[in-house]
Amino acid sequence: MFVKLFIRILAIFGMIAAGILARKLNMLNKETASQMSRITTNFFYPALIFTSLTSNFTLKGLAENWMLPLGALIIMVVGYIVGNITALFTVFTEERQKGQFLFQSTINNYSFLPLPIVLMLYGDIGVAGLIFSTLGSELSVWTIGVLALTGNKFRKGSFKNLLSAPMMAILFSIIVIAARDICGYRCSGNIQEIGQSVFSAISVFGQGAIPVAMFIAGSRMADLKPRNLFTVLQGYTVVLRLLIIPAIAAVIIYLLPFSQEVRNVLYVVAVMPSAITSVVLSEVYNSDTEFAVSCVLATHIFSLMTIPLWLSFLLK
């Protein structure tokens, strides 16, 4: 199973490689990549969220799968706790570096990288489950994630970031599903046909989220020029993010009364590398950007081996 997963994940990383190549050939500059990233986050991804959730879930289904966002939240909390414990025995050059270390331990790549992997393994229903789980992940980013990044100093203004386009798309989708199921609304023939046409257009639009996100991720990595990539602290981060935290999270997920379908999606989330958004957030919160860059690059390189290893073991 490892070889099969490795080959498939290698193919997914091929989309990232295409982005790196485009950036190296100057076909895509940094400003354009940044603009495309915002477009993907605010347009393509919300469209994917809406069509995936509304086509694969009923209100009853959402209620039955509340464990997905809870599980994602648990994964992030595990990272936060493990990171803080490790930080007690670790020497940092400055507080900014410590904050970035805690963030890397807490938040991983919970959406764009696992999306194609879940799609490959479980199809559209798996993608819908993963997207629903990001409700817990997004909550984690702007609470314990920011708390870690700022040296455990909470900022009240962080809550306003919960009103992001993906979060609003999730909430809007839940409202649409609730209205559809509770009210039992039925449209006339023409209106129904118009609705289906619009839904189909949104669906096609949303399908661009995965390849575009992978492509942009690659272009960002092409700009990463980290120094001291193989330091002891960097080694700690790679081991925590790709081995220790996934192991603890996987045990907890296994012990909790989750269905196997829910566990499978959460296992994929748990074994992901560092979040690329940590580079952007490090600039926003005046954290150690250089260390963030090196974490993103190192964990993604090593995850090419650890992801298929973990999944071949956990998804038996």
# chains A, B, ... in the order shown; residues from 1 in each chain; ligands from 1
call {"tool": "residues_around", "arguments": {"residues": "Ile144 of chain A", "least_positions_apart": "6", "cutoff": "8 Å", "atoms": "only C-alpha atoms", "output": "PDB file with N, CA and C atoms, in the first residue's frame"}}
result
ATOM      1  N   VAL A  77      -5.203  21.076  19.106  1.00  0.00           N
ATOM      2  CA  VAL A  77      -4.948  21.215  20.544  1.00  0.00           C
ATOM      3  C   VAL A  77      -3.800  20.307  20.977  1.00  0.00           C
ATOM      4  N   TYR A  80      -0.665  21.999  20.039  1.00  0.00           N
ATOM      5  CA  TYR A  80      -0.401  23.140  20.931  1.00  0.00           C
ATOM      6  C   TYR A  80       0.185  22.675  22.260  1.00  0.00           C
ATOM      7  N   THR A 106       1.318  23.660  16.407  1.00  0.00           N
ATOM      8  CA  THR A 106      -0.139  23.693  16.586  1.00  0.00           C
ATOM      9  C   THR A 106      -0.906  23.517  15.286  1.00  0.00           C
TER      10      THR A 106
END
call {"tool": "closest_atom_pairs", "arguments": {"of": "segment 66-148 of chain A", "to": "segment 193-214 of chain A", "cutoff": "9 Å", "atoms": "only C-alpha atoms", "output": "CSV"}}
result
residue,atom,partner,partner_atom,distance
A:Phe112,CA,A:Ala213,CA,6.4
A:Leu113,CA,A:Met214,CA,7.2
A:Leu115,CA,A:Ile210,CA,6.9
A:Pro116,CA,A:Ile210,CA,6.6
call {"tool": "residues_around", "arguments": {"residues": "Met168 of chain A", "least_positions_apart": "2", "cutoff": "12 Å", "atoms": "only C-alpha atoms", "output": "MDAnalysis selection string"}}
result
chainID A and resid 41:43 45:47 49:50 134:135 138 160:166 170:175
call {"tool": "write_last_selection", "arguments": {"atoms": "N, CA and C atoms", "output": "PDB file, in the first residue's frame"}}
result
ATOM      1  N   THR A  41      -8.602  31.632  -2.293  1.00  0.00           N
ATOM      2  CA  THR A  41      -9.176  31.592  -0.950  1.00  0.00           C
ATOM      3  C   THR A  41     -10.558  32.211  -0.902  1.00  0.00           C
ATOM      4  N   ASN A  42     -10.769  33.279  -1.663  1.00  0.00           N
ATOM      5  CA  ASN A  42     -12.016  34.045  -1.570  1.00  0.00           C
ATOM      6  C   ASN A  42     -13.063  33.691  -2.627  1.00  0.00           C
ATOM      7  N   PHE A  43     -12.680  32.928  -3.662  1.00  0.00           N
ATOM      8  CA  PHE A  43     -13.638  32.597  -4.720  1.00  0.00           C
ATOM      9  C   PHE A  43     -13.694  31.096  -5.017  1.00  0.00           C
ATOM     10  N   TYR A  45     -12.224  28.401  -3.528  1.00  0.00           N
ATOM     11  CA  TYR A  45     -12.415  27.537  -2.373  1.00  0.00           C
ATOM     12  C   TYR A  45     -13.816  27.653  -1.775  1.00  0.00           C
ATOM     13  N   PRO A  46     -14.376  28.857  -1.601  1.00  0.00           N
ATOM     14  CA  PRO A  46     -15.757  28.955  -1.119  1.00  0.00           C
ATOM     15  C   PRO A  46     -16.756  28.259  -2.041  1.00  0.00           C
ATOM     16  N   ALA A  47     -16.517  28.319  -3.351  1.00  0.00           N
ATOM     17  CA  ALA A  47     -17.401  27.624  -4.294  1.00  0.00           C
ATOM     18  C   ALA A  47     -17.318  26.117  -4.096  1.00  0.00           C
ATOM     19  N   ILE A  49     -16.471  24.626  -1.298  1.00  0.00           N
ATOM     20  CA  ILE A  49     -17.104  24.373  -0.004  1.00  0.00           C
ATOM     21  C   ILE A  49     -18.615  24.248  -0.166  1.00  0.00           C
ATOM     22  N   PHE A  50     -19.207  25.216  -0.839  1.00  0.00           N
ATOM     23  CA  PHE A  50     -20.661  25.254  -0.985  1.00  0.00           C
ATOM     24  C   PHE A  50     -21.183  24.025  -1.726  1.00  0.00           C
ATOM     25  N   THR A 134     -12.825  21.548   8.526  1.00  0.00           N
ATOM     26  CA  THR A 134     -12.057  22.794   8.600  1.00  0.00           C
ATOM     27  C   THR A 134     -12.739  23.846   9.473  1.00  0.00           C
ATOM     28  N   LEU A 135     -14.004  23.616   9.807  1.00  0.00           N
ATOM     29  CA  LEU A 135     -14.676  24.504  10.752  1.00  0.00           C
ATOM     30  C   LEU A 135     -13.902  24.523  12.076  1.00  0.00           C
ATOM     31  N   GLU A 138     -10.217  26.134  11.333  1.00  0.00           N
ATOM     32  CA  GLU A 138     -10.211  27.595  11.238  1.00  0.00           C
ATOM     33  C   GLU A 138     -10.357  28.224  12.623  1.00  0.00           C
ATOM     34  N   LYS A 160     -12.131  38.546  14.724  1.00  0.00           N
ATOM     35  CA  LYS A 160     -12.700  39.094  13.491  1.00  0.00           C
ATOM     36  C   LYS A 160     -12.247  38.304  12.275  1.00  0.00           C
ATOM     37  N   ASN A 161     -11.095  37.614  12.390  1.00  0.00           N
ATOM     38  CA  ASN A 161     -10.591  36.816  11.274  1.00  0.00           C
ATOM     39  C   ASN A 161     -11.396  35.541  11.052  1.00  0.00           C
ATOM     40  N   LEU A 162     -12.268  35.206  12.013  1.00  0.00           N
ATOM     41  CA  LEU A 162     -13.135  34.049  11.810  1.00  0.00           C
ATOM     42  C   LEU A 162     -14.148  34.308  10.702  1.00  0.00           C
ATOM     43  N   LEU A 163     -14.352  35.582  10.356  1.00  0.00           N
ATOM     44  CA  LEU A 163     -15.296  35.937   9.295  1.00  0.00           C
ATOM     45  C   LEU A 163     -14.603  35.906   7.935  1.00  0.00           C
ATOM     46  N   SER A 164     -13.812  34.883   7.686  1.00  0.00           N
ATOM     47  CA  SER A 164     -13.138  34.725   6.400  1.00  0.00           C
ATOM     48  C   SER A 164     -14.110  34.157   5.384  1.00  0.00           C
ATOM     49  N   ALA A 165     -13.772  34.272   4.108  1.00  0.00           N
ATOM     50  CA  ALA A 165     -14.648  33.766   3.045  1.00  0.00           C
ATOM     51  C   ALA A 165     -14.922  32.259   3.193  1.00  0.00           C
ATOM     52  N   PRO A 166     -13.911  31.411   3.465  1.00  0.00           N
ATOM     53  CA  PRO A 166     -14.200  29.983   3.663  1.00  0.00           C
ATOM     54  C   PRO A 166     -15.146  29.721   4.834  1.00  0.00           C
ATOM     55  N   ILE A 170     -18.895  28.039   4.680  1.00  0.00           N
ATOM     56  CA  ILE A 170     -19.336  26.901   5.483  1.00  0.00           C
ATOM     57  C   ILE A 170     -20.658  27.222   6.177  1.00  0.00           C
ATOM     58  N   LEU A 171     -20.733  28.387   6.809  1.00  0.00           N
ATOM     59  CA  LEU A 171     -21.948  28.780   7.526  1.00  0.00           C
ATOM     60  C   LEU A 171     -23.123  28.948   6.570  1.00  0.00           C
ATOM     61  N   PHE A 172     -22.877  29.554   5.407  1.00  0.00           N
ATOM     62  CA  PHE A 172     -23.938  29.729   4.419  1.00  0.00           C
ATOM     63  C   PHE A 172     -24.431  28.382   3.910  1.00  0.00           C
ATOM     64  N   SER A 173     -23.507  27.452   3.697  1.00  0.00           N
ATOM     65  CA  SER A 173     -23.889  26.113   3.228  1.00  0.00           C
ATOM     66  C   SER A 173     -24.762  25.411   4.260  1.00  0.00           C
ATOM     67  N   ILE A 174     -24.411  25.553   5.540  1.00  0.00           N
ATOM     68  CA  ILE A 174     -25.208  24.935   6.600  1.00  0.00           C
ATOM     69  C   ILE A 174     -26.617  25.529   6.625  1.00  0.00           C
ATOM     70  N   ILE A 175     -26.706  26.852   6.418  1.00  0.00           N
ATOM     71  CA  ILE A 175     -28.015  27.519   6.384  1.00  0.00           C
ATOM     72  C   ILE A 175     -28.847  27.003   5.210  1.00  0.00           C
TER      73      ILE A 175
END
call {"tool": "residues_around", "arguments": {"residues": "Leu25 of chain A", "least_positions_apart": "5", "cutoff": "12 Å", "atoms": "only C-alpha atoms", "output": "MDAnalysis selection string"}}
result
chainID A and resid 18:20 219 222
call {"tool": "write_last_selection", "arguments": {"atoms": "C-alpha atoms", "output": "short mmCIF file (atom, residue, chain, number, x, y, z; two decimals), in the first residue's frame"}}
result
data_model
loop_
_atom_site.label_atom_id
_atom_site.label_comp_id
_atom_site.auth_asym_id
_atom_site.auth_seq_id
_atom_site.Cartn_x
_atom_site.Cartn_y
_atom_site.Cartn_z
CA ALA A 18 4.67 22.86 -11.67
CA GLY A 19 4.19 25.98 -9.56
CA ILE A 20 7.87 25.98 -8.59
CA SER A 219 5.22 29.14 -6.55
CA ALA A 222 10.12 28.64 -5.04
#
call {"tool": "atom_distance", "arguments": {"atom1": "atom CA of Ser140 of chain A", "atom2": "atom CA of Leu48 of chain A"}}
result
21.3 Å
call {"tool": "closest_residue", "arguments": {"among": "A:Thr150, A:Pro273, A:Pro114, A:Leu256", "to": "Ile74 of chain A", "atoms": "only C-alpha atoms"}}
result
A:Leu256
call {"tool": "decode", "arguments": {"residues": "segment 294-313 of chain A", "atoms": "N, CA and C atoms", "output": "PDB file, in the first residue's frame"}}
result
ATOM      1  N   SER A 294      11.602  28.020   6.742  1.00  0.00           N
ATOM      2  CA  SER A 294      12.362  26.775   6.804  1.00  0.00           C
ATOM      3  C   SER A 294      11.486  25.604   7.252  1.00  0.00           C
ATOM      4  N   CYS A 295      10.527  25.871   8.148  1.00  0.00           N
ATOM      5  CA  CYS A 295       9.609  24.815   8.607  1.00  0.00           C
ATOM      6  C   CYS A 295       8.723  24.322   7.464  1.00  0.00           C
ATOM      7  N   VAL A 296       8.180  25.247   6.713  1.00  0.00           N
ATOM      8  CA  VAL A 296       7.309  24.893   5.590  1.00  0.00           C
ATOM      9  C   VAL A 296       8.067  24.032   4.588  1.00  0.00           C
ATOM     10  N   LEU A 297       9.266  24.476   4.218  1.00  0.00           N
ATOM     11  CA  LEU A 297      10.053  23.752   3.228  1.00  0.00           C
ATOM     12  C   LEU A 297      10.461  22.370   3.728  1.00  0.00           C
ATOM     13  N   ALA A 298      11.013  22.308   4.943  1.00  0.00           N
ATOM     14  CA  ALA A 298      11.508  21.036   5.481  1.00  0.00           C
ATOM     15  C   ALA A 298      10.394  20.024   5.690  1.00  0.00           C
ATOM     16  N   THR A 299       9.291  20.445   6.311  1.00  0.00           N
ATOM     17  CA  THR A 299       8.220  19.491   6.598  1.00  0.00           C
ATOM     18  C   THR A 299       7.544  18.988   5.325  1.00  0.00           C
ATOM     19  N   HIS A 300       7.439  19.839   4.301  1.00  0.00           N
ATOM     20  CA  HIS A 300       6.842  19.374   3.047  1.00  0.00           C
ATOM     21  C   HIS A 300       7.760  18.382   2.331  1.00  0.00           C
ATOM     22  N   ILE A 301       9.071  18.614   2.397  1.00  0.00           N
ATOM     23  CA  ILE A 301      10.018  17.687   1.770  1.00  0.00           C
ATOM     24  C   ILE A 301       9.932  16.311   2.426  1.00  0.00           C
ATOM     25  N   PHE A 302      10.005  16.293   3.753  1.00  0.00           N
ATOM     26  CA  PHE A 302       9.984  15.010   4.470  1.00  0.00           C
ATOM     27  C   PHE A 302       8.601  14.356   4.447  1.00  0.00           C
ATOM     28  N   SER A 303       7.545  15.163   4.298  1.00  0.00           N
ATOM     29  CA  SER A 303       6.197  14.585   4.294  1.00  0.00           C
ATOM     30  C   SER A 303       5.936  13.721   3.073  1.00  0.00           C
ATOM     31  N   LEU A 304       6.733  13.903   2.042  1.00  0.00           N
ATOM     32  CA  LEU A 304       6.583  13.061   0.857  1.00  0.00           C
ATOM     33  C   LEU A 304       6.808  11.597   1.213  1.00  0.00           C
ATOM     34  N   MET A 305       7.591  11.351   2.264  1.00  0.00           N
ATOM     35  CA  MET A 305       7.801   9.996   2.756  1.00  0.00           C
ATOM     36  C   MET A 305       6.874   9.666   3.919  1.00  0.00           C
ATOM     37  N   THR A 306       6.699  10.609   4.840  1.00  0.00           N
ATOM     38  CA  THR A 306       5.929  10.304   6.055  1.00  0.00           C
ATOM     39  C   THR A 306       4.428  10.163   5.795  1.00  0.00           C
ATOM     40  N   ILE A 307       3.886  10.936   4.857  1.00  0.00           N
ATOM     41  CA  ILE A 307       2.442  10.831   4.582  1.00  0.00           C
ATOM     42  C   ILE A 307       2.062   9.428   4.110  1.00  0.00           C
ATOM     43  N   PRO A 308       2.709   8.885   3.053  1.00  0.00           N
ATOM     44  CA  PRO A 308       2.339   7.512   2.655  1.00  0.00           C
ATOM     45  C   PRO A 308       2.658   6.466   3.720  1.00  0.00           C
ATOM     46  N   LEU A 309       3.711   6.695   4.511  1.00  0.00           N
ATOM     47  CA  LEU A 309       4.025   5.758   5.594  1.00  0.00           C
ATOM     48  C   LEU A 309       2.903   5.744   6.630  1.00  0.00           C
ATOM     49  N   TRP A 310       2.507   6.915   7.078  1.00  0.00           N
ATOM     50  CA  TRP A 310       1.436   7.014   8.060  1.00  0.00           C
ATOM     51  C   TRP A 310       0.120   6.442   7.521  1.00  0.00           C
ATOM     52  N   LEU A 311      -0.253   6.847   6.314  1.00  0.00           N
ATOM     53  CA  LEU A 311      -1.553   6.430   5.786  1.00  0.00           C
ATOM     54  C   LEU A 311      -1.604   4.954   5.466  1.00  0.00           C
ATOM     55  N   SER A 312      -0.497   4.383   5.035  1.00  0.00           N
ATOM     56  CA  SER A 312      -0.467   2.937   4.769  1.00  0.00           C
ATOM     57  C   SER A 312      -0.643   2.151   6.070  1.00  0.00           C
ATOM     58  N   PHE A 313      -0.243   2.776   7.195  1.00  0.00           N
ATOM     59  CA  PHE A 313      -0.407   2.141   8.508  1.00  0.00           C
ATOM     60  C   PHE A 313      -1.788   2.409   9.108  1.00  0.00           C
TER      61      PHE A 313
END
